[in-house]
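Raw protein38.cif, mmCIF, C-alpha atoms and all ligand atoms:
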data_model
loop_
_atom_site.label_atom_id
_atom_site.label_comp_id
_atom_site.auth_asym_id
_atom_site.auth_seq_id
_atom_site.Cartn_x
_atom_site.Cartn_y
_atom_site.Cartn_z
CA VAL A 1 43.13 75.74 -5.78
CA SER A 2 44.93 78.79 -7.13
CA VAL A 3 48.05 78.62 -9.31
CA ALA A 4 48.61 82.41 -9.03
CA GLY A 5 51.91 83.33 -7.41
CA ALA A 6 52.98 79.69 -7.30
CA VAL A 7 56.57 78.79 -6.46
CA LEU A 8 58.87 75.85 -7.13
CA ALA A 9 59.87 73.81 -4.07
CA LEU A 10 62.82 71.41 -4.24
CA ASP A 11 64.02 68.94 -1.63
CA ILE A 12 67.35 67.10 -1.81
CA GLY A 13 67.38 64.45 0.92
CA GLY A 14 69.54 61.47 1.70
CA THR A 15 67.08 59.00 0.19
CA LYS A 16 64.71 61.11 -1.87
CA LEU A 17 64.59 64.01 -4.31
CA ALA A 18 61.34 65.92 -4.61
CA SER A 19 59.98 68.73 -6.75
CA ALA A 20 56.64 70.44 -6.18
CA ILE A 21 54.63 73.41 -7.35
CA VAL A 22 53.13 75.11 -4.31
CA ASN A 23 50.78 78.10 -4.11
CA ARG A 24 50.96 80.91 -1.58
CA ALA A 25 48.55 79.13 0.75
CA GLY A 26 50.96 76.20 1.00
CA GLU A 27 48.79 73.94 -1.16
CA VAL A 28 50.77 71.44 -3.24
CA LEU A 29 49.46 71.69 -6.82
CA ALA A 30 51.67 68.82 -8.05
CA GLU A 31 54.59 66.84 -6.68
CA ARG A 32 57.05 64.34 -8.10
CA SER A 33 59.79 62.46 -6.29
CA ALA A 34 62.54 59.98 -7.07
CA ALA A 35 65.07 57.98 -5.12
CA THR A 36 68.40 59.74 -4.57
CA ASP A 37 71.26 58.13 -6.51
CA ALA A 38 74.07 57.85 -3.94
CA ALA A 39 76.65 57.41 -6.73
CA ALA A 40 75.59 60.57 -8.60
CA SER A 41 77.59 63.81 -8.54
CA ALA A 42 76.02 67.07 -7.34
CA GLU A 43 75.60 68.13 -10.99
CA GLU A 44 73.88 64.86 -11.89
CA THR A 45 71.56 65.18 -8.90
CA VAL A 46 70.57 68.71 -9.99
CA GLU A 47 69.95 67.29 -13.48
CA ALA A 48 67.67 64.61 -11.98
CA LEU A 49 65.79 67.31 -10.04
CA PHE A 50 65.16 69.30 -13.21
CA GLU A 51 63.82 66.16 -14.90
CA LEU A 52 61.28 65.98 -12.05
CA CYS A 53 60.48 69.67 -12.62
CA GLU A 54 59.68 68.99 -16.29
CA GLU A 55 57.07 66.46 -15.09
CA VAL A 56 55.70 68.52 -12.23
CA LEU A 57 55.09 71.75 -14.21
CA PRO A 58 52.54 70.30 -16.67
CA ALA A 59 50.95 68.27 -13.86
CA ALA A 60 50.30 71.56 -12.03
CA ARG A 61 49.23 73.31 -15.28
CA ALA A 62 52.09 75.73 -14.60
CA SER A 63 55.06 76.99 -16.65
CA TRP A 64 58.56 78.21 -15.81
CA GLN A 65 57.46 81.74 -16.80
CA GLY A 66 54.46 81.59 -14.46
CA LEU A 67 56.52 80.80 -11.35
CA GLU A 68 57.56 83.52 -8.91
CA ALA A 69 60.59 81.96 -7.21
CA ALA A 70 62.25 78.72 -6.17
CA GLY A 71 63.24 77.37 -2.75
CA ILE A 72 65.55 74.46 -2.00
CA SER A 73 65.80 72.31 1.13
CA PHE A 74 69.13 70.47 1.36
CA GLY A 75 69.96 67.52 3.62
CA GLY A 76 73.16 68.92 5.07
CA PRO A 77 74.76 72.13 6.29
CA VAL A 78 74.48 75.17 4.05
CA ASP A 79 76.36 78.47 3.94
CA PHE A 80 73.22 80.59 3.74
CA PRO A 81 74.68 83.98 2.68
CA ALA A 82 76.82 82.31 -0.01
CA GLY A 83 74.04 79.97 -1.19
CA ARG A 84 76.43 77.02 -1.08
CA THR A 85 76.19 73.54 0.38
CA VAL A 86 78.95 72.83 2.92
CA THR A 87 78.74 69.05 2.73
CA CYS A 88 76.06 66.35 2.70
CA HIS A 89 75.58 63.81 5.48
CA HIS A 90 74.45 61.15 3.03
CA LEU A 91 75.99 61.89 -0.38
CA ARG A 92 79.44 62.72 -1.70
CA GLY A 93 80.39 65.58 -3.99
CA TRP A 94 78.50 68.39 -2.27
CA GLU A 95 81.46 70.17 -0.65
CA ASN A 96 81.14 73.92 -1.27
CA PHE A 97 78.70 73.47 -4.18
CA PRO A 98 76.98 76.67 -5.41
CA LEU A 99 73.52 75.07 -5.39
CA ARG A 100 71.42 78.23 -5.01
CA ASP A 101 72.90 80.01 -8.03
CA ASP A 102 73.16 76.83 -10.10
CA VAL A 103 69.43 76.13 -9.71
CA GLY A 104 68.51 79.82 -9.92
CA GLU A 105 70.29 80.30 -13.26
CA ARG A 106 68.85 77.15 -14.78
CA ALA A 107 65.33 77.94 -13.60
CA GLY A 108 65.58 81.68 -14.34
CA LEU A 109 64.06 82.35 -10.92
CA PRO A 110 65.11 84.08 -7.70
CA THR A 111 66.13 81.14 -5.53
CA ALA A 112 66.69 80.51 -1.82
CA LEU A 113 68.58 77.61 -0.25
CA ASP A 114 68.60 76.35 3.33
CA ASN A 115 69.24 73.13 5.25
CA ASP A 116 66.38 70.69 5.76
CA ALA A 117 65.84 71.33 9.49
CA ASN A 118 65.56 75.10 8.93
CA ALA A 119 63.26 74.54 5.96
CA ALA A 120 61.05 72.17 7.96
CA ALA A 121 60.89 74.65 10.85
CA LEU A 122 59.70 77.39 8.49
CA GLY A 123 57.26 74.98 6.83
CA GLU A 124 55.62 74.05 10.15
CA ALA A 125 55.60 77.73 11.20
CA ARG A 126 53.81 78.92 8.04
CA PHE A 127 51.66 75.98 6.98
CA GLY A 128 51.71 73.39 9.79
CA ALA A 129 51.47 72.98 13.55
CA GLY A 130 52.99 76.41 14.24
CA ARG A 131 50.62 78.58 12.19
CA GLY A 132 50.12 81.85 14.03
CA CYS A 133 53.06 81.31 16.41
CA ALA A 134 55.83 83.92 16.49
CA HIS A 135 58.45 81.72 18.17
CA LEU A 136 58.80 78.08 17.12
CA LEU A 137 61.39 75.41 17.87
CA TYR A 138 61.33 72.51 15.41
CA ILE A 139 63.20 69.29 16.10
CA THR A 140 63.52 66.38 13.69
CA VAL A 141 64.24 62.97 15.18
CA SER A 142 65.20 60.46 12.49
CA THR A 143 68.61 59.05 11.47
CA GLY A 144 70.05 62.14 13.13
CA ILE A 145 68.60 64.93 15.25
CA GLY A 146 68.44 68.46 13.88
CA ALA A 147 66.57 71.58 14.83
CA GLY A 148 65.41 74.88 13.39
CA LEU A 149 64.41 78.02 15.21
CA VAL A 150 61.83 80.55 14.01
CA LEU A 151 61.94 83.75 16.08
CA ASN A 152 59.55 86.65 15.44
CA GLY A 153 58.37 84.76 12.35
CA SER A 154 61.82 84.47 10.74
CA LEU A 155 64.46 81.77 10.76
CA HIS A 156 67.34 82.34 13.16
CA ARG A 157 70.43 81.01 11.35
CA GLY A 158 73.31 82.29 13.48
CA ALA A 159 76.76 83.62 12.63
CA ASN A 160 77.84 80.60 10.54
CA SER A 161 74.39 79.38 9.40
CA MET A 162 74.84 76.65 12.03
CA ALA A 163 72.10 77.44 14.56
CA GLY A 164 70.00 74.44 15.58
CA GLU A 165 72.61 71.76 16.27
CA LEU A 166 70.53 70.54 19.21
CA GLY A 167 71.41 66.92 18.35
CA HIS A 168 74.91 67.52 19.65
CA THR A 169 73.84 68.75 23.07
CA LEU A 170 75.37 66.65 25.86
CA VAL A 171 72.61 64.73 27.66
CA ALA A 172 74.44 61.57 28.82
CA PRO A 173 77.99 62.27 30.10
CA ASN A 174 80.32 59.37 29.10
CA GLY A 175 77.44 57.97 27.04
CA PRO A 176 77.68 56.26 23.65
CA ALA A 177 79.89 57.60 20.84
CA CYS A 178 78.25 60.12 18.51
CA THR A 179 78.70 60.64 14.77
CA CYS A 180 80.36 63.99 15.61
CA GLY A 181 83.23 62.29 17.47
CA ARG A 182 82.09 63.23 20.98
CA ARG A 183 80.15 61.12 23.48
CA GLY A 184 76.70 61.27 25.02
CA CYS A 185 75.12 63.71 22.56
CA LEU A 186 71.31 63.69 22.29
CA GLU A 187 71.70 62.20 18.80
CA ALA A 188 73.82 59.33 20.19
CA VAL A 189 71.06 58.29 22.63
CA ALA A 190 67.81 59.33 20.93
CA ALA A 191 68.14 59.18 17.12
CA GLY A 192 67.01 56.22 15.01
CA PRO A 193 70.24 54.18 15.12
CA ALA A 194 70.44 54.56 18.93
CA ILE A 195 66.83 53.39 19.30
CA ALA A 196 67.50 50.31 17.14
CA ALA A 197 70.72 49.56 19.06
CA ARG A 198 68.92 49.84 22.38
CA ALA A 199 66.25 47.37 21.17
CA ARG A 200 68.90 44.91 19.92
CA GLN A 201 70.73 45.04 23.27
CA ALA A 202 67.55 44.33 25.20
CA LEU A 203 66.62 41.42 22.91
CA GLU A 204 70.14 39.94 23.20
CA ALA A 205 69.80 40.19 26.97
CA GLY A 206 66.66 38.05 26.69
CA ALA A 207 63.86 40.62 26.86
CA GLU A 208 60.49 39.32 25.67
CA SER A 209 59.07 41.52 22.97
CA ALA A 210 57.19 41.47 19.67
CA LEU A 211 60.37 43.10 18.32
CA ALA A 212 62.01 39.65 18.50
CA ALA A 213 59.97 38.68 15.41
CA VAL A 214 61.93 41.22 13.34
CA PRO A 215 65.23 39.83 11.94
CA ASP A 216 68.11 41.43 13.85
CA SER A 217 69.73 42.96 10.74
CA GLU A 218 66.43 44.59 9.70
CA LEU A 219 65.43 46.03 13.07
CA THR A 220 65.08 49.82 12.92
CA ALA A 221 63.64 52.63 15.02
CA LYS A 222 60.55 52.48 12.79
CA HIS A 223 59.68 49.03 14.19
CA VAL A 224 60.14 50.30 17.74
CA ALA A 225 57.98 53.38 17.07
CA GLU A 226 55.25 51.33 15.38
CA LEU A 227 55.07 48.77 18.20
CA ALA A 228 55.35 51.29 21.04
CA SER A 229 51.59 51.37 21.79
CA ALA A 230 51.34 47.56 22.09
CA ASP A 231 54.72 46.26 23.22
CA PRO A 232 56.21 46.96 26.70
CA LEU A 233 59.86 46.92 25.58
CA ALA A 234 59.18 49.23 22.62
CA ARG A 235 57.19 51.54 24.89
CA GLN A 236 60.00 51.56 27.49
CA ILE A 237 62.58 52.49 24.83
CA MET A 238 60.41 55.30 23.44
CA THR A 239 59.82 56.58 26.99
CA GLU A 240 63.58 56.78 27.60
CA VAL A 241 64.08 58.50 24.25
CA GLY A 242 61.31 60.99 25.05
CA GLU A 243 62.90 61.78 28.44
CA ARG A 244 66.34 62.35 26.87
CA LEU A 245 64.76 64.56 24.22
CA GLY A 246 62.97 66.48 26.98
CA VAL A 247 66.25 67.26 28.77
CA ALA A 248 67.61 68.96 25.65
CA VAL A 249 64.28 70.63 24.84
CA ALA A 250 64.13 72.04 28.40
CA ALA A 251 67.51 73.73 27.92
CA ALA A 252 66.34 75.17 24.59
CA VAL A 253 63.05 76.34 26.15
CA ASN A 254 64.95 78.10 28.93
CA LEU A 255 67.08 79.83 26.30
CA VAL A 256 64.49 80.97 23.74
CA ASN A 257 61.04 80.70 25.42
CA PRO A 258 59.15 79.47 22.31
CA ASP A 259 55.33 79.39 21.89
CA ILE A 260 55.53 75.89 20.48
CA VAL A 261 57.94 72.99 20.09
CA VAL A 262 57.21 70.90 16.99
CA ILE A 263 58.67 67.40 16.75
CA GLY A 264 59.05 65.92 13.25
CA GLY A 265 61.05 63.13 11.65
CA GLY A 266 60.23 59.42 11.40
CA VAL A 267 60.59 58.71 15.15
CA SER A 268 57.85 61.28 15.90
CA GLN A 269 55.34 58.81 14.42
CA ALA A 270 55.34 57.23 17.89
CA GLY A 271 53.16 60.23 18.87
CA ASP A 272 52.28 60.76 22.52
CA ILE A 273 54.21 57.67 23.61
CA LEU A 274 57.31 59.72 22.71
CA LEU A 275 55.91 63.19 23.45
CA ASP A 276 54.34 62.61 26.88
CA PRO A 277 57.73 61.74 28.48
CA THR A 278 59.23 64.73 26.61
CA ARG A 279 56.52 67.06 27.98
CA GLU A 280 57.03 65.67 31.49
CA ALA A 281 60.83 66.12 31.30
CA VAL A 282 60.41 69.69 30.05
CA ARG A 283 58.04 70.45 32.95
CA ARG A 284 60.63 69.01 35.34
CA HIS A 285 63.74 70.67 33.91
CA ALA A 286 62.65 74.01 32.45
CA VAL A 287 61.71 77.24 34.23
CA PRO A 288 57.94 77.10 35.03
CA GLU A 289 57.31 80.61 33.65
CA SER A 290 58.76 79.48 30.29
CA VAL A 291 56.66 76.31 30.21
CA ARG A 292 53.35 78.08 30.93
CA GLY A 293 51.24 77.90 27.73
CA LEU A 294 54.00 76.03 25.88
CA ARG A 295 52.75 73.39 23.44
CA ILE A 296 54.92 70.40 22.50
CA VAL A 297 53.33 68.72 19.50
CA ARG A 298 53.97 66.45 16.56
CA GLY A 299 54.50 68.15 13.20
CA GLU A 300 51.46 68.37 10.92
CA LEU A 301 53.29 68.26 7.60
CA GLY A 302 54.95 64.85 8.03
CA ALA A 303 57.52 63.91 5.38
CA ARG A 304 56.56 67.04 3.40
CA ASP A 305 57.75 69.49 6.08
CA ALA A 306 61.06 70.39 4.43
CA LEU A 307 59.49 70.56 0.95
CA LEU A 308 56.79 72.98 2.15
CA GLY A 309 59.50 74.91 3.99
CA ALA A 310 61.36 75.25 0.68
CA ALA A 311 58.14 76.75 -0.71
CA ALA A 312 57.99 79.18 2.24
CA LEU A 313 61.62 80.22 1.57
CA ALA A 314 60.63 80.98 -2.05
CA ILE A 315 57.49 82.88 -1.03
CA ASP A 316 59.60 85.01 1.34
CA LEU A 317 61.84 85.93 -1.61
CA THR A 318 58.88 87.30 -3.53
CA ALA A 319 57.80 89.29 -0.46
CA ALA A 320 61.32 90.70 -0.18
CA ARG A 321 61.03 91.97 -3.77
CA GLY A 322 57.81 93.74 -2.89
CA GLU A 323 55.57 91.68 -5.13
CA PRO A 324 52.02 90.66 -4.22
ZN ZN A 401 77.36 64.60 18.60
#
Written as structure tokens, that's how I'd like the structure from this file.
Amino acid sequence: VSVAGAVLALDIGGTKLASAIVNRAGEVLAERSAATDAAASAEETVEALFELCEEVLPAARASWQGLEAAGISFGGPVDFPAGRTVTCHHLRGWENFPLRDDVGERAGLPTALDNDANAAALGEARFGAGRGCAHLLYITVSTGIGAGLVLNGSLHRGANSMAGELGHTLVAPNGPACTCGRRGCLEAVAAGPAIAARARQALEAGAESALAAVPDSELTAKHVAELASADPLARQIMTEVGERLGVAVAAAVNLVNPDIVVIGGGVSQAGDILLDPTREAVRRHAVPESVRGLRIVRGELGARDALLGAAALAIDLTAARGEP
């Protein structure tokens, strides 16, 4: 495992901070993570990240001087050209924070910053399920639903760095309220909280299910995903979620004609029980010529997708400077 040309990858998520040293082949030489402190300021969170870096460097037998660049994945919208966070969905104090330059100056490295869905899309394109694909659509289904688009091998970010808001596509007119203030968005019917709510409703209505063994206040989408292969109610819920997801994916497939659609996030652990209904809905709703040869698969990088995407962002910086 080569340390040559290694980069620093950082991930700031709603529940976890991670720091890793990654080589150009996408191999993680060392990784450290810690729980996110929801009460911490942005500055304190950056401080905590650098404490992880001081552990991860010796573990990888690397040094600050030996690193080529740094990449950061952030769990919220980012102003890409400015290198600033716009806000965080999970933590306070991140409004308009100059994260890219703050980390870059402290680390003494060229640094790139992007949101977690974009980072994960790039990670899967370079090192995961989308290796060798020019056009990749990545969708994360967890507490929320986000997406990232790689076209001709590069991230498509859009005019305001806001491309990929697939979670707020209307799929259920007059459906449940969404976190964005509208109704019937994909996120409002297919993200983790919606899956848990759907299970609770069915149980309250008297449905028989192994899910009934889980205390009501603890029931999450993870339970539904885990039980989906064995339990009819859990399977039914995941089927409905997969169909809803497929309606939105079909619209995206019609628009961009990707080689591959990669589904990540915790809910994707349900595997084909989620993805088969998605594939079927895409076949039904998208243009046949766009669907021919299209693969719809689970991500290969799992919970590391955004972290490895941060590494890919850093590696692209070194390429842009014309280094080996
Ligand atoms: Zn919405």
Pick out the residues no farther than 10 Å from ligand ZN 401 (chain A), counting all atoms listed in the file, and list them as a PyMOL selection string.
chain A and resi 144-145+165-170+176-189
Give one line per residue of range 115-138 of chain A that approaches range 247-267 of chain A to at most 6 Å, naming the two atoms of the closest pair and their distance in Å to one decimal, counting all atoms listed in the file; sort by chain then ascending residue number and deliver it as a Markdown table.
| residue | atom | partner | partner_atom | distance |
| --- | --- | --- | --- | --- |
| A:His135 | CA | A:Pro258 | CA | 4.8 |
| A:Leu136 | CA | A:Ile260 | CA | 5.2 |
| A:Leu137 | CA | A:Val261 | CA | 4.8 |
| A:Tyr138 | CA | A:Val262 | CA | 4.7 |
Export C-alpha atoms of the chosen residues as a PDB file, keeping the file's coordinate frame?
ATOM      1  CA  HIS A 135      58.450  81.720  18.170  1.00  0.00           C
ATOM      2  CA  LEU A 136      58.800  78.080  17.120  1.00  0.00           C
ATOM      3  CA  LEU A 137      61.390  75.410  17.870  1.00  0.00           C
ATOM      4  CA  TYR A 138      61.330  72.510  15.410  1.00  0.00           C
TER       5      TYR A 138
END
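For the pair CA of Ala34 in chain A and CA of Lys222 in chain A, the interatomic distance is 21.3 Å.
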Point out the residue among A:Leu99, A:Leu301, A:Leu149, A:Val56 with the least atom-to-atom distance to Gly71 in chain A, counting only C-alpha atoms.
A:Leu99
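Counting only C-alpha atoms and comparing A:Arg235, A:Arg198, A:Arg131, A:Arg100, the residue that lies closest to Ala25 in chain A is A:Arg131.
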Can you tell me, as a PDB file with C-alpha atoms, in the coordinates of the input, what residues are no more than 9 Å from range 35-43 of chain A when counting only C-alpha atoms, ignoring any on the same chain fewer than 4 positions away?
ATOM      1  CA  ILE A  12      67.350  67.100  -1.810  1.00  0.00           C
ATOM      2  CA  GLY A  13      67.380  64.450   0.920  1.00  0.00           C
ATOM      3  CA  GLY A  14      69.540  61.470   1.700  1.00  0.00           C
ATOM      4  CA  THR A  15      67.080  59.000   0.190  1.00  0.00           C
ATOM      5  CA  LYS A  16      64.710  61.110  -1.870  1.00  0.00           C
ATOM      6  CA  LEU A  17      64.590  64.010  -4.310  1.00  0.00           C
ATOM      7  CA  ALA A  18      61.340  65.920  -4.610  1.00  0.00           C
ATOM      8  CA  GLU A  47      69.950  67.290 -13.480  1.00  0.00           C
ATOM      9  CA  ALA A  48      67.670  64.610 -11.980  1.00  0.00           C
ATOM     10  CA  HIS A  90      74.450  61.150   3.030  1.00  0.00           C
ATOM     11  CA  LEU A  91      75.990  61.890  -0.380  1.00  0.00           C
ATOM     12  CA  ARG A  92      79.440  62.720  -1.700  1.00  0.00           C
ATOM     13  CA  GLY A  93      80.390  65.580  -3.990  1.00  0.00           C
ATOM     14  CA  TRP A  94      78.500  68.390  -2.270  1.00  0.00           C
ATOM     15  CA  PHE A  97      78.700  73.470  -4.180  1.00  0.00           C
ATOM     16  CA  LEU A  99      73.520  75.070  -5.390  1.00  0.00           C
TER      17      LEU A  99
END
Expected answer as a list in words: all residues with atoms within 12 Å of (65.4, 50.5, 12.0), all atoms listed in the file
Ser142, Thr143, Ala191, Gly192, Pro193, Ala194, Ile195, Ala196, Ala197, Arg198, Ala199, Arg200, Leu211, Val214, Pro215, Asp216, Ser217, Glu218, Leu219, Thr220, Ala221, Lys222, His223, Val224, Ala225, Glu226, Gly266 and Val267 of chain A
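CA of Ile296 in chain A is positioned 14.0 Å from CA of Val141 in chain A.
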For CA of Gln65 in chain A and CA of Arg32 in chain A, determine how far apart the two atoms are, in Å to one decimal place.
19.5 Å
Env of Arg84 in chain A: 12 Å cut, atoms = only C-alpha atoms, seq-sep filter 2 positions within chain, self excluded. Answer as a PyMOL selection string.
chain A and resi 42+72-74+76-82+86-88+94-103+111-115+161
Could those selected residues go to a file with C-alpha atoms, as a PDB file, in the frame of the given file?
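So the final result, stored in selection_10.pdb, reads:
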ATOM      1  CA  ALA A  42      76.020  67.070  -7.340  1.00  0.00           C
ATOM      2  CA  ILE A  72      65.550  74.460  -2.000  1.00  0.00           C
ATOM      3  CA  SER A  73      65.800  72.310   1.130  1.00  0.00           C
ATOM      4  CA  PHE A  74      69.130  70.470   1.360  1.00  0.00           C
ATOM      5  CA  GLY A  76      73.160  68.920   5.070  1.00  0.00           C
ATOM      6  CA  PRO A  77      74.760  72.130   6.290  1.00  0.00           C
ATOM      7  CA  VAL A  78      74.480  75.170   4.050  1.00  0.00           C
ATOM      8  CA  ASP A  79      76.360  78.470   3.940  1.00  0.00           C
ATOM      9  CA  PHE A  80      73.220  80.590   3.740  1.00  0.00           C
ATOM     10  CA  PRO A  81      74.680  83.980   2.680  1.00  0.00           C
ATOM     11  CA  ALA A  82      76.820  82.310  -0.010  1.00  0.00           C
ATOM     12  CA  VAL A  86      78.950  72.830   2.920  1.00  0.00           C
ATOM     13  CA  THR A  87      78.740  69.050   2.730  1.00  0.00           C
ATOM     14  CA  CYS A  88      76.060  66.350   2.700  1.00  0.00           C
ATOM     15  CA  TRP A  94      78.500  68.390  -2.270  1.00  0.00           C
ATOM     16  CA  GLU A  95      81.460  70.170  -0.650  1.00  0.00           C
ATOM     17  CA  ASN A  96      81.140  73.920  -1.270  1.00  0.00           C
ATOM     18  CA  PHE A  97      78.700  73.470  -4.180  1.00  0.00           C
ATOM     19  CA  PRO A  98      76.980  76.670  -5.410  1.00  0.00           C
ATOM     20  CA  LEU A  99      73.520  75.070  -5.390  1.00  0.00           C
ATOM     21  CA  ARG A 100      71.420  78.230  -5.010  1.00  0.00           C
ATOM     22  CA  ASP A 101      72.900  80.010  -8.030  1.00  0.00           C
ATOM     23  CA  ASP A 102      73.160  76.830 -10.100  1.00  0.00           C
ATOM     24  CA  VAL A 103      69.430  76.130  -9.710  1.00  0.00           C
ATOM     25  CA  THR A 111      66.130  81.140  -5.530  1.00  0.00           C
ATOM     26  CA  ALA A 112      66.690  80.510  -1.820  1.00  0.00           C
ATOM     27  CA  LEU A 113      68.580  77.610  -0.250  1.00  0.00           C
ATOM     28  CA  ASP A 114      68.600  76.350   3.330  1.00  0.00           C
ATOM     29  CA  ASN A 115      69.240  73.130   5.250  1.00  0.00           C
ATOM     30  CA  SER A 161      74.390  79.380   9.400  1.00  0.00           C
TER      31      SER A 161
END
